[in-house]
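See below for work.cif, which holds mmCIF, C-alpha atoms and all ligand atoms.
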```
data_target
loop_
_atom_site.label_atom_id
_atom_site.label_comp_id
_atom_site.auth_asym_id
_atom_site.auth_seq_id
_atom_site.Cartn_x
_atom_site.Cartn_y
_atom_site.Cartn_z
CA MET A 1 94.98 93.21 81.39
CA SER A 2 97.87 95.59 82.09
CA ASN A 3 101.26 94.26 83.11
CA GLY A 4 101.78 97.02 85.65
CA LEU A 5 98.22 96.81 87.07
CA GLU A 6 97.93 100.57 86.55
CA ASP A 7 94.54 101.94 87.59
CA VAL A 8 93.58 98.61 89.17
CA VAL A 9 92.15 99.13 92.68
CA ALA A 10 93.43 96.13 94.64
CA ALA A 11 92.72 97.16 98.24
CA GLU A 12 90.66 99.48 100.39
CA THR A 13 92.72 101.26 102.97
CA VAL A 14 92.30 103.77 105.78
CA LEU A 15 96.06 104.35 105.84
CA SER A 16 97.05 106.75 103.08
CA ASP A 17 95.80 108.37 99.90
CA VAL A 18 97.99 109.43 97.00
CA ASP A 19 96.34 111.97 94.69
CA GLY A 20 98.58 111.99 91.64
CA LEU A 21 96.87 114.88 89.89
CA ALA A 22 96.74 117.23 92.86
CA GLY A 23 100.18 116.15 94.13
CA ARG A 24 98.72 115.41 97.55
CA LEU A 25 99.52 112.72 100.12
CA ILE A 26 97.18 112.12 103.04
CA ILE A 27 98.21 109.87 105.90
CA ARG A 28 95.26 108.80 108.04
CA GLY A 29 93.37 112.02 107.48
CA GLN A 30 96.36 114.33 107.76
CA PRO A 31 98.13 115.99 104.85
CA LEU A 32 101.83 115.18 104.66
CA GLU A 33 102.62 118.86 105.29
CA ALA A 34 100.98 118.61 108.74
CA LEU A 35 103.27 115.70 109.69
CA ALA A 36 106.64 116.15 107.95
CA GLY A 37 108.91 118.34 110.08
CA ARG A 38 106.18 118.71 112.71
CA SER A 39 105.66 115.18 114.01
CA ASN A 40 108.08 112.39 114.76
CA TYR A 41 108.38 108.80 113.63
CA GLU A 42 107.00 107.31 116.83
CA ALA A 43 103.85 109.49 116.59
CA VAL A 44 103.32 108.51 112.96
CA LEU A 45 103.70 104.84 113.89
CA SER A 46 100.92 105.35 116.48
CA LEU A 47 98.81 107.02 113.81
CA LEU A 48 99.34 104.21 111.29
CA TRP A 49 98.93 101.34 113.75
CA ASP A 50 95.86 102.73 115.53
CA GLY A 51 93.10 100.13 115.54
CA PHE A 52 95.30 97.28 114.30
CA PHE A 53 96.65 96.10 117.67
CA PRO A 54 94.32 95.74 120.69
CA ASP A 55 97.12 96.58 123.15
CA LEU A 56 98.62 99.58 121.33
CA PRO A 57 99.95 102.12 123.86
CA THR A 58 99.16 105.78 123.08
CA ASP A 59 102.85 106.74 123.10
CA LEU A 60 105.21 104.39 121.24
CA ARG A 61 108.46 106.18 122.07
CA GLN A 62 109.46 103.89 124.96
CA PRO A 63 108.12 100.63 123.48
CA LEU A 64 110.04 101.32 120.26
CA ALA A 65 113.19 102.22 122.20
CA ASP A 66 112.87 99.00 124.22
CA ALA A 67 112.41 97.09 120.98
CA ARG A 68 115.67 98.58 119.65
CA MET A 69 117.44 97.21 122.71
CA ARG A 70 115.87 93.78 122.21
CA VAL A 71 116.74 93.65 118.49
CA PHE A 72 120.36 94.40 119.36
CA GLU A 73 120.44 91.69 122.02
CA LEU A 74 118.72 89.15 119.76
CA LEU A 75 120.88 89.72 116.69
CA ARG A 76 124.25 91.12 117.81
CA ALA A 77 125.90 87.69 117.70
CA ASP A 78 124.73 87.19 114.10
CA LEU A 79 125.93 90.56 112.80
CA HIS A 80 129.39 89.27 111.85
CA LEU A 81 127.88 86.40 109.80
CA VAL A 82 126.59 88.84 107.19
CA ALA A 83 128.68 91.95 107.77
CA ASP A 84 130.64 91.49 104.52
CA ARG A 85 127.47 91.36 102.38
CA PRO A 86 125.90 94.42 100.74
CA THR A 87 124.24 96.41 103.53
CA PHE A 88 120.66 96.00 102.39
CA ASP A 89 121.03 92.24 101.89
CA ALA A 90 122.72 91.87 105.27
CA MET A 91 119.95 93.80 107.01
CA ARG A 92 117.29 91.73 105.26
CA ALA A 93 119.01 88.48 106.24
CA LEU A 94 119.12 89.55 109.89
CA MET A 95 115.51 90.71 109.91
CA ALA A 96 114.52 87.24 108.64
CA LEU A 97 115.63 85.89 112.03
CA LEU A 98 113.03 87.92 113.96
CA PRO A 99 109.93 86.12 115.28
CA ASP A 100 107.23 85.79 112.61
CA GLY A 101 104.21 86.70 114.73
CA THR A 102 101.28 89.00 114.04
CA GLU A 103 101.02 90.69 117.44
CA LEU A 104 102.34 94.05 118.67
CA ASP A 105 105.60 92.62 119.98
CA SER A 106 106.59 91.30 116.53
CA ALA A 107 105.56 94.60 114.96
CA LEU A 108 107.73 96.61 117.34
CA LEU A 109 110.80 94.43 116.76
CA LEU A 110 110.37 94.75 112.99
CA ALA A 111 109.83 98.52 113.15
CA ALA A 112 112.89 98.94 115.35
CA ALA A 113 115.16 96.58 113.42
CA PRO A 114 116.37 98.68 110.44
CA GLY A 115 117.21 101.57 112.79
CA VAL A 116 119.48 99.27 114.80
CA LEU A 117 120.86 96.88 112.20
CA LEU A 118 121.79 99.42 109.54
CA PRO A 119 124.01 101.51 111.87
CA ALA A 120 125.57 98.34 113.29
CA LEU A 121 126.38 96.99 109.83
CA LEU A 122 127.82 100.32 108.68
CA ARG A 123 130.10 100.48 111.70
CA LEU A 124 131.28 96.88 111.31
CA ARG A 125 132.03 97.56 107.66
CA ASP A 126 134.23 100.48 108.76
CA GLY A 127 136.07 98.23 111.19
CA GLU A 128 134.38 99.73 114.24
CA GLU A 129 132.32 98.13 116.94
CA ALA A 130 128.53 98.14 116.65
CA LEU A 131 126.98 100.46 119.23
CA SER A 132 124.20 99.37 121.54
CA PRO A 133 120.99 101.44 121.29
CA ASP A 134 120.21 104.07 123.92
CA SER A 135 116.62 103.64 125.04
CA SER A 136 116.42 107.19 126.40
CA LEU A 137 116.63 108.67 122.88
CA SER A 138 114.12 109.09 120.09
CA HIS A 139 114.31 106.61 117.22
CA ALA A 140 115.81 109.13 114.76
CA THR A 141 118.31 110.53 117.28
CA ASP A 142 119.46 107.07 118.31
CA MET A 143 119.79 105.90 114.74
CA LEU A 144 122.11 108.80 113.87
CA ARG A 145 124.06 108.31 117.08
CA MET A 146 124.59 104.62 116.33
CA VAL A 147 125.95 105.48 112.87
CA SER A 148 128.40 108.25 113.82
CA GLY A 149 129.11 107.45 117.46
CA ASP A 150 128.16 110.99 118.51
CA ALA A 151 124.83 112.39 119.65
CA PRO A 152 123.50 114.37 116.67
CA GLY A 153 122.34 117.97 116.95
CA ALA A 154 118.59 118.46 117.31
CA GLU A 155 118.27 119.81 113.74
CA LEU A 156 119.91 116.74 112.21
CA ALA A 157 117.72 114.40 114.25
CA ARG A 158 114.68 116.41 113.18
CA ALA A 159 115.76 116.08 109.56
CA LEU A 160 115.97 112.29 109.81
CA ASP A 161 112.61 112.25 111.59
CA THR A 162 111.19 114.31 108.72
CA TYR A 163 112.51 111.75 106.27
CA LEU A 164 111.18 108.72 108.19
CA VAL A 165 107.76 110.38 108.56
CA THR A 166 107.66 111.44 104.91
CA VAL A 167 108.23 107.91 103.59
CA ALA A 168 106.25 106.03 106.27
CA ASP A 169 103.33 105.21 103.98
CA HIS A 170 102.36 105.84 100.38
CA GLY A 171 99.32 103.97 99.10
CA LEU A 172 99.65 100.69 97.28
CA ASN A 173 103.25 101.00 96.10
CA ALA A 174 105.07 97.84 94.97
CA SER A 175 106.58 96.96 98.36
CA THR A 176 103.35 97.61 100.25
CA PHE A 177 101.42 95.47 97.78
CA ALA A 178 103.99 92.70 98.25
CA ALA A 179 103.50 92.94 102.03
CA ARG A 180 99.72 92.73 101.63
CA VAL A 181 99.91 89.69 99.32
CA VAL A 182 101.95 87.80 101.89
CA ALA A 183 99.74 88.93 104.81
CA SER A 184 96.68 87.67 102.91
CA THR A 185 98.06 84.12 103.20
CA GLU A 186 97.99 84.49 107.03
CA ALA A 187 101.79 84.40 107.19
CA GLY A 188 103.42 86.45 109.97
CA LEU A 189 104.56 90.07 109.88
CA THR A 190 108.22 89.19 109.35
CA SER A 191 107.28 87.27 106.19
CA SER A 192 105.32 90.28 104.93
CA VAL A 193 108.12 92.70 105.70
CA LEU A 194 110.71 90.47 103.99
CA ALA A 195 108.63 90.41 100.81
CA ALA A 196 108.34 94.19 100.99
CA LEU A 197 112.08 94.58 101.47
CA GLY A 198 112.68 92.55 98.30
CA ALA A 199 110.34 94.79 96.31
CA LEU A 200 111.79 97.98 97.76
CA LYS A 201 115.32 97.11 96.70
CA GLY A 202 114.82 97.57 92.96
CA PRO A 203 115.90 100.83 91.29
CA LEU A 204 112.39 101.53 89.99
CA HIS A 205 111.18 101.72 93.61
CA GLY A 206 113.44 102.31 96.62
CA GLY A 207 116.78 101.70 94.96
CA ALA A 208 116.88 105.02 93.10
CA PRO A 209 118.47 107.50 95.54
CA GLY A 210 121.99 106.02 95.48
CA PRO A 211 122.01 106.27 91.65
CA VAL A 212 120.82 109.91 91.97
CA LEU A 213 124.17 110.72 93.59
CA ASP A 214 125.99 108.65 90.95
CA MET A 215 124.28 110.88 88.40
CA LEU A 216 125.40 114.07 90.20
CA ASP A 217 128.94 112.71 90.36
CA ALA A 218 128.93 111.80 86.68
CA ILE A 219 127.71 115.30 85.79
CA GLY A 220 130.30 116.86 88.10
CA ARG A 221 129.75 120.54 87.27
CA PRO A 222 126.55 122.54 86.63
CA GLU A 223 127.64 123.44 83.09
CA ASN A 224 127.76 119.73 82.15
CA ALA A 225 124.18 119.02 83.23
CA GLU A 226 122.31 119.70 80.02
CA ARG A 227 124.70 117.74 77.79
CA TRP A 228 124.94 114.75 80.12
CA ILE A 229 121.18 114.53 80.60
CA GLY A 230 120.52 114.87 76.87
CA ALA A 231 122.95 112.04 76.12
CA GLN A 232 121.35 109.76 78.73
CA LEU A 233 117.87 110.31 77.35
CA ALA A 234 119.11 109.83 73.79
CA GLU A 235 120.48 106.44 74.84
CA GLY A 236 117.08 105.48 76.26
CA GLU A 237 118.23 105.69 79.88
CA ARG A 238 115.90 106.85 82.68
CA LEU A 239 116.87 109.73 84.93
CA MET A 240 116.84 108.56 88.53
CA GLY A 241 114.73 110.67 90.86
CA PHE A 242 112.20 111.67 88.20
CA GLY A 243 108.86 110.24 87.15
CA HIS A 244 106.25 108.34 89.09
CA ARG A 245 103.50 105.85 88.39
CA ILE A 246 100.84 107.90 90.20
CA TYR A 247 102.06 111.52 90.33
CA ARG A 248 101.54 113.60 87.21
CA VAL A 249 102.81 116.65 89.08
CA ARG A 250 105.59 117.16 91.60
CA ASP A 251 105.78 114.53 94.33
CA PRO A 252 104.82 116.41 97.54
CA ARG A 253 107.42 114.39 99.44
CA ALA A 254 110.16 116.02 97.36
CA ASP A 255 109.16 119.41 98.80
CA ALA A 256 109.00 118.08 102.37
CA LEU A 257 112.53 116.74 102.04
CA LYS A 258 113.83 119.83 100.24
CA ALA A 259 112.56 121.93 103.17
CA ALA A 260 114.37 119.65 105.64
CA LEU A 261 117.54 119.93 103.58
CA GLN A 262 117.30 123.72 103.53
CA ARG A 263 116.79 123.78 107.33
CA ILE A 264 119.97 121.81 108.00
CA GLY A 265 121.72 123.75 105.23
CA LYS A 266 121.29 126.91 107.31
CA GLY A 267 123.23 125.18 110.09
CA GLY A 268 126.06 124.44 107.64
CA ALA A 269 125.42 120.69 107.38
CA VAL A 270 125.02 120.71 103.60
CA ASP A 271 127.72 121.25 101.00
CA THR A 272 126.51 124.38 99.18
CA GLY A 273 128.32 123.40 95.97
CA ARG A 274 126.47 120.09 96.00
CA LEU A 275 123.15 121.89 96.48
CA ALA A 276 123.84 124.29 93.62
CA LEU A 277 124.75 121.38 91.35
CA ALA A 278 121.58 119.52 92.38
CA ALA A 279 119.41 122.57 91.66
CA THR A 280 120.91 122.94 88.17
CA VAL A 281 120.57 119.22 87.44
CA GLU A 282 116.96 119.19 88.62
CA ALA A 283 116.02 122.16 86.44
CA ALA A 284 117.87 120.75 83.41
CA ALA A 285 116.28 117.32 83.90
CA LEU A 286 112.78 118.78 84.09
CA ARG A 287 113.35 120.79 80.90
CA ALA A 288 114.80 117.78 79.08
CA LEU A 289 112.05 115.39 80.24
CA LYS A 290 109.40 117.83 79.04
CA GLN A 291 110.95 117.78 75.58
CA HIS A 292 111.64 114.05 75.67
CA LYS A 293 108.10 113.06 76.68
CA PRO A 294 105.79 115.98 75.95
CA ASP A 295 102.67 113.83 76.54
CA ARG A 296 103.83 112.26 79.82
CA PRO A 297 104.38 114.71 82.67
CA LEU A 298 107.57 113.59 84.43
CA ASP A 299 108.45 115.55 87.55
CA THR A 300 110.82 115.27 90.50
CA ASN A 301 110.03 112.33 92.79
CA VAL A 302 110.88 111.66 96.43
CA GLU A 303 114.20 110.02 95.65
CA PHE A 304 115.97 113.11 94.31
CA TYR A 305 115.90 114.98 97.62
CA THR A 306 116.16 111.75 99.59
CA ALA A 307 119.61 111.31 98.10
CA LEU A 308 120.75 114.81 99.06
CA LEU A 309 119.24 114.69 102.53
CA LEU A 310 120.59 111.28 103.49
CA GLU A 311 124.02 112.19 102.15
CA ALA A 312 123.99 115.33 104.31
CA LEU A 313 123.01 113.22 107.32
CA GLY A 314 126.12 111.09 106.82
CA PHE A 315 124.61 107.92 105.37
CA PRO A 316 126.68 106.26 102.65
CA ARG A 317 124.80 106.02 99.36
CA ASP A 318 124.62 102.25 99.31
CA SER A 319 122.63 102.43 102.56
CA PHE A 320 119.88 104.77 101.35
CA THR A 321 117.43 101.98 100.52
CA ALA A 322 117.88 100.55 104.01
CA VAL A 323 117.12 103.98 105.53
CA PHE A 324 114.01 104.08 103.34
CA ALA A 325 113.03 100.71 104.82
CA ALA A 326 113.48 102.14 108.34
CA GLY A 327 110.64 104.56 107.54
CA ARG A 328 108.39 102.46 105.30
CA VAL A 329 108.42 99.44 107.65
CA GLY A 330 105.74 101.16 109.77
CA GLY A 331 103.44 101.42 106.76
CA TRP A 332 104.11 97.84 105.64
CA ILE A 333 103.10 96.52 109.06
CA ALA A 334 99.89 98.56 109.13
CA HIS A 335 98.97 97.41 105.62
CA ALA A 336 99.75 93.78 106.47
CA LYS A 337 97.43 93.99 109.48
CA GLU A 338 94.73 95.74 107.45
CA GLN A 339 94.92 93.11 104.70
CA ALA A 340 94.90 90.20 107.15
CA ALA A 341 91.80 91.67 108.81
CA THR A 342 89.87 91.29 105.53
CA GLY A 343 90.38 87.52 105.80
CA ARG A 344 90.65 87.33 102.02
CA LEU A 345 93.52 85.63 100.15
CA ILE A 346 94.92 87.76 97.29
CA ARG A 347 94.95 85.50 94.28
CA PRO A 348 94.47 87.16 90.87
CA LYS A 349 94.30 85.30 87.56
CA SER A 350 96.73 85.19 84.67
CA ARG A 351 95.89 84.77 81.01
CA TYR A 352 97.66 81.79 79.46
CA VAL A 353 99.34 82.71 76.17
CA GLY A 354 101.62 79.65 75.87
CA PRO A 355 101.21 76.62 73.60
CA MET A 356 98.32 74.19 74.12
CA PRO A 357 98.91 70.42 74.25
CA LYS A 358 98.60 68.75 70.85
CA VAL A 359 95.33 66.88 70.54
CA ALA A 360 95.91 63.29 69.39
CA ALA A 361 94.44 62.65 65.92
N1 LIG B 401 113.59 109.26 82.87
C1 LIG B 401 113.36 109.14 81.54
N2 LIG B 401 112.22 108.63 81.03
C2 LIG B 401 111.28 108.26 81.90
C3 LIG B 401 111.45 108.37 83.29
C4 LIG B 401 112.66 108.89 83.77
N3 LIG B 401 112.90 109.02 85.06
N4 LIG B 401 110.34 107.91 83.90
C5 LIG B 401 109.51 107.52 82.93
N5 LIG B 401 110.07 107.73 81.72
C6 LIG B 401 109.52 107.45 80.41
C7 LIG B 401 109.51 105.94 80.18
O1 LIG B 401 110.69 105.50 79.55
C8 LIG B 401 108.30 105.76 79.31
O2 LIG B 401 108.66 106.00 77.98
P1 LIG B 401 108.10 105.05 76.80
O3 LIG B 401 106.61 105.24 76.84
O4 LIG B 401 108.75 105.60 75.58
O5 LIG B 401 108.51 103.67 77.16
C9 LIG B 401 107.35 106.88 79.75
O6 LIG B 401 108.16 107.85 80.40
C10 LIG B 401 106.31 106.40 80.72
O7 LIG B 401 106.97 105.69 81.69
P2 LIG B 401 106.33 104.47 82.46
O8 LIG B 401 107.34 103.38 82.43
O9 LIG B 401 104.96 104.14 82.01
O10 LIG B 401 106.18 105.07 83.86
P3 LIG B 401 105.95 104.22 85.12
O11 LIG B 401 104.74 104.71 85.73
O12 LIG B 401 106.02 102.77 84.94
O13 LIG B 401 107.31 104.59 85.87
C11 LIG B 401 108.93 104.97 87.42
C12 LIG B 401 107.44 105.08 87.11
C13 LIG B 401 109.33 103.49 87.46
C14 LIG B 401 109.17 105.58 88.80
C15 LIG B 401 109.75 105.72 86.34
O14 LIG B 401 109.34 107.06 86.26
C16 LIG B 401 111.24 105.61 86.56
O15 LIG B 401 111.85 104.62 86.14
N6 LIG B 401 111.87 106.62 87.22
C17 LIG B 401 113.29 106.56 87.50
C18 LIG B 401 113.56 105.70 88.73
C19 LIG B 401 113.08 106.37 90.02
O16 LIG B 401 113.26 107.57 90.23
N7 LIG B 401 112.50 105.54 90.89
C20 LIG B 401 111.96 106.00 92.18
C21 LIG B 401 110.48 106.13 92.12
S1 LIG B 401 109.80 106.81 93.60
C22 LIG B 401 109.58 105.48 94.63
O17 LIG B 401 109.28 104.40 94.25
C23 LIG B 401 109.77 105.69 96.03
#
```

Would it be possible to restate this file's structure as C-alpha cells?
Ligand code: ACO
Amino acid sequence: MSNGLEDVVAAETVLSDVDGLAGRLIIRGQPLEALAGRSNYEAVLSLLWDGFFPDLPTDLRQPLADARMRVFELLRADLHLVADRPTFDAMRALMALLPDGTELDSALLLAAAPGVLLPALLRLRDGEEALSPDSSLSHATDMLRMVSGDAPGAELARALDTYLVTVADHGLNASTFAARVVASTEAGLTSSVLAALGALKGPLHGGAPGPVLDMLDAIGRPENAERWIGAQLAEGERLMGFGHRIYRVRDPRADALKAALQRIGKGGAVDTGRLALAATVEAAALRALKQHKPDRPLDTNVEFYTALLLEALGFPRDSFTAVFAAGRVGGWIAHAKEQAATGRLIRPKSRYVGPMPKVAA
C-alpha cells in the first residue's frame, strides 16, 4: 500500500505516455515537440477525441467556436451570480450548470467553457462588460480577445495555443484520475470534469504557477535568489515549479513553454528584467535542490514557465489554474470516455487500521 499510489498502474490508455526517465511526453503517438508550437488546440482536441465519439467531425474549429457562442448564451445571465467569487471557483460553479451528457455536444460545451467563462469573469471583476465570443476566430485567439478586448497579434495567439496544446493531456495525473473515477460510475462528462477541476486546483497540481510568481516577487532581485531559496528549503518549504511525481529529469513541457516565451520575447511582449530574474532563480533553485535532496532528482516542471508565459499573455496570476483547465479539459473528456468504454467501476480497497468493536465477554 502506498498513500500516493506511486507506481500503481490504474488504467490502460491510448491517449498519452509520460516517460519520467527519458523526459518524454507522447500524445497519441506524437511527441510533444511535434505538436507544441506547430499544431493548434482544435487539432489536438481532434487527436485526443478520435474514436471516442461516433459523430466526431474531422475539423473541430467551427464546432468548438459554435460551442463558445452557446456557452455564452447559456450562462451569461448567471455570470453576475458568482462574479465576486475567486475566479477558479466561479468558473467551476458555472460549468456545473452545463448539461451532464456523455455525447459530443456535451463534450464541446465543456471544452469551450473555460475559454469563454474565464475571460468573462476577469472582465466583470475589472468592472467591464463580458464580451461575446467571435465564432470566426480560433479558440486561442478568441480567448485572448475576450480577455483584453483587442484582437491579439498572431504570435501571442500562437503562444497561448502552444500552452493549451502542451497541457492538453499528461497521463494519469491527479485530475485526470479523478475524472476517470467519476466516469467509471457512468456519470456524465460534466460530473467528471467538475471532479477534475477540484483536483487541479490544489498547489501540488495545477495551483502552482500563481505561487511561482509570488516567489519571483518575494525574491525581487537576482542577487537575492540564493539566500531566499536557501531559507525556504531550510524551513521545509517546497519551491513551486520544481519537482514532479513522474519526471526524474526536466519536464519536456517546460522547454516547450520556454520556447514559446522566447518567441514572444523577440516581439517585445516579455519584460526582459523578469526573464533575467526567472533564469537566475531557476538556476539557483536547481543548484539548491540538488544539495537539499541529493538522492531525489528535482528539476523544473511545467508550472515554472507556465507562470512566465501566462503573465506575458496578460492573464492575472490568480487565473492561471483556470487557463490550465482550458487546456486540460480536452484530455479529461477523452479519458472519461475511455474509462467509461471499459464498463468497469473503479473501486479500490482500503486497509482498516482503526479500532475493532469490543467483543462481549
Ligand atoms: N521543493 C522542495 N522540496 C521538494 C520539492 C520542491 N519543489 N518537490 C519535492 N521535494 C522534496 C519533498 O519534500 C520530499 O522530501 P522528503 O522525502 O524529505 O519528504 C522529496 O523531495 C520527495 O518528494 P515527494 O513528495 O515524494 O514528491 P512527489 O512525487 O510527491 O511530489 C510534487 C511531486 C507534488 C509536484 C512536488 O515536487 C512539489 O510539491 N512541487 C512543488 C509544487 C509544484 O510545482 N506543483 C506542480 C506540479 S506539475 C503539475 O502538476 C502540473

Which of A:His292, A:Arg145, A:Arg38, A:Arg68 sits closest to Asp161 (chain A) [using all atoms listed in the file]
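Answer, going by the shortest atom-to-atom distance: A:Arg38.
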
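For the set A:Ala34, A:Leu216, A:Leu74, A:Phe177, the residue with the smallest atom-to-atom gap to Trp228 (chain A) is A:Leu216, counting only C-alpha atoms.
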
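All residues, whether protein, DNA or RNA, that have an atom at most 7 Å from ligand LIG 401 (chain B) (counting all atoms listed in the file) are A:Pro203, A:Leu204, A:His205, A:Gly206, A:Ala208, A:Leu233, A:Glu237, A:Arg238, A:Leu239, A:Met240, A:Gly241, A:Phe242, A:Gly243, A:His244, A:Arg245, A:Ile246, A:Leu289, A:Lys293, A:Arg296, A:Leu298, A:Asn301, A:Val302, A:Glu303.
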
Quick one: residues within 8 Å of Val181 (chain A), only C-alpha atoms counted, chain neighbours fewer than 6 positions away excluded, as number ranges by chain?
A: 192, 345-346

Same residues, C-alpha atoms, saved as a compact mmCIF listing (two decimals), in the coordinates of the input:
```
# COMPACT_ATOMS: atom_id res chain seq x y z
CA SER A 192 105.32 90.28 104.93
CA LEU A 345 93.52 85.63 100.15
CA ILE A 346 94.92 87.76 97.29
```

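The nearest approach to Ala90 (chain A) among the residues A:Ala279, A:Leu117, A:Ala260, A:Met146, with only C-alpha atoms taken into account, belongs to A:Leu117.
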
Given only C-alpha atoms as the counted atoms, nearest of A:Ala326, A:Leu104, A:Leu64, A:Val353 to Ser136 (chain A)
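Once distances to Ser136 (chain A) are computed over only C-alpha atoms, the minimum belongs to A:Leu64.
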
Nearest to Pro222 (chain A), chosen from A:Leu21, A:Val270, A:Val281, A:Ala168, with all atoms listed in the file counted in the distances
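Ranked by minimum distance to Pro222 (chain A), first place goes to A:Val281.
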
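Between CA of Ala159 (chain A) and CA of Leu313 (chain A) the separation is 8.1 Å.
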
Quote the spacing between CA of Gln62 (chain A) and CA of Ile333 (chain A) in Å to one decimal place.
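Interatomic distance, CA of Gln62 (chain A) to CA of Ile333 (chain A): 18.6 Å.
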
Can you work out which one of A:Ala112, A:Ala278, A:Gly29, A:Val323 has the shortest atom-to-atom distance to Arg70 (chain A), counting only C-alpha atoms?
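Of the candidates, the smallest distance to Arg70 (chain A) is held by A:Ala112.
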
Please list as a list in words every residue within 9 Å of Phe315 (chain A), counting only C-alpha atoms and excluding residues in the same chain fewer than 6 positions away.
Leu122, Leu144, Val147 and Val323 of chain A

Using all atoms listed in the file, collect all residues at a distance of at most 10 Å from (126.4, 99.9, 121.5) as written in the file, then present them as a short mmCIF file (atom, residue, chain, number, x, y, z; two decimals) with C-alpha atoms, in the frame of the given file.
```
data_model
loop_
_atom_site.label_atom_id
_atom_site.label_comp_id
_atom_site.auth_asym_id
_atom_site.auth_seq_id
_atom_site.Cartn_x
_atom_site.Cartn_y
_atom_site.Cartn_z
CA MET A 69 117.44 97.21 122.71
CA PHE A 72 120.36 94.40 119.36
CA ARG A 76 124.25 91.12 117.81
CA VAL A 116 119.48 99.27 114.80
CA ALA A 120 125.57 98.34 113.29
CA GLU A 129 132.32 98.13 116.94
CA ALA A 130 128.53 98.14 116.65
CA LEU A 131 126.98 100.46 119.23
CA SER A 132 124.20 99.37 121.54
CA PRO A 133 120.99 101.44 121.29
CA ASP A 134 120.21 104.07 123.92
CA ARG A 145 124.06 108.31 117.08
CA MET A 146 124.59 104.62 116.33
CA GLY A 149 129.11 107.45 117.46
#
```

Write out as a PyMOL selection string the residues lying within 9 Å of Lys258 (chain A), counting all atoms listed in the file and excluding same-chain residues fewer than 4 positions away.
chain A and resi 253-254+262-263+305-306+308-309
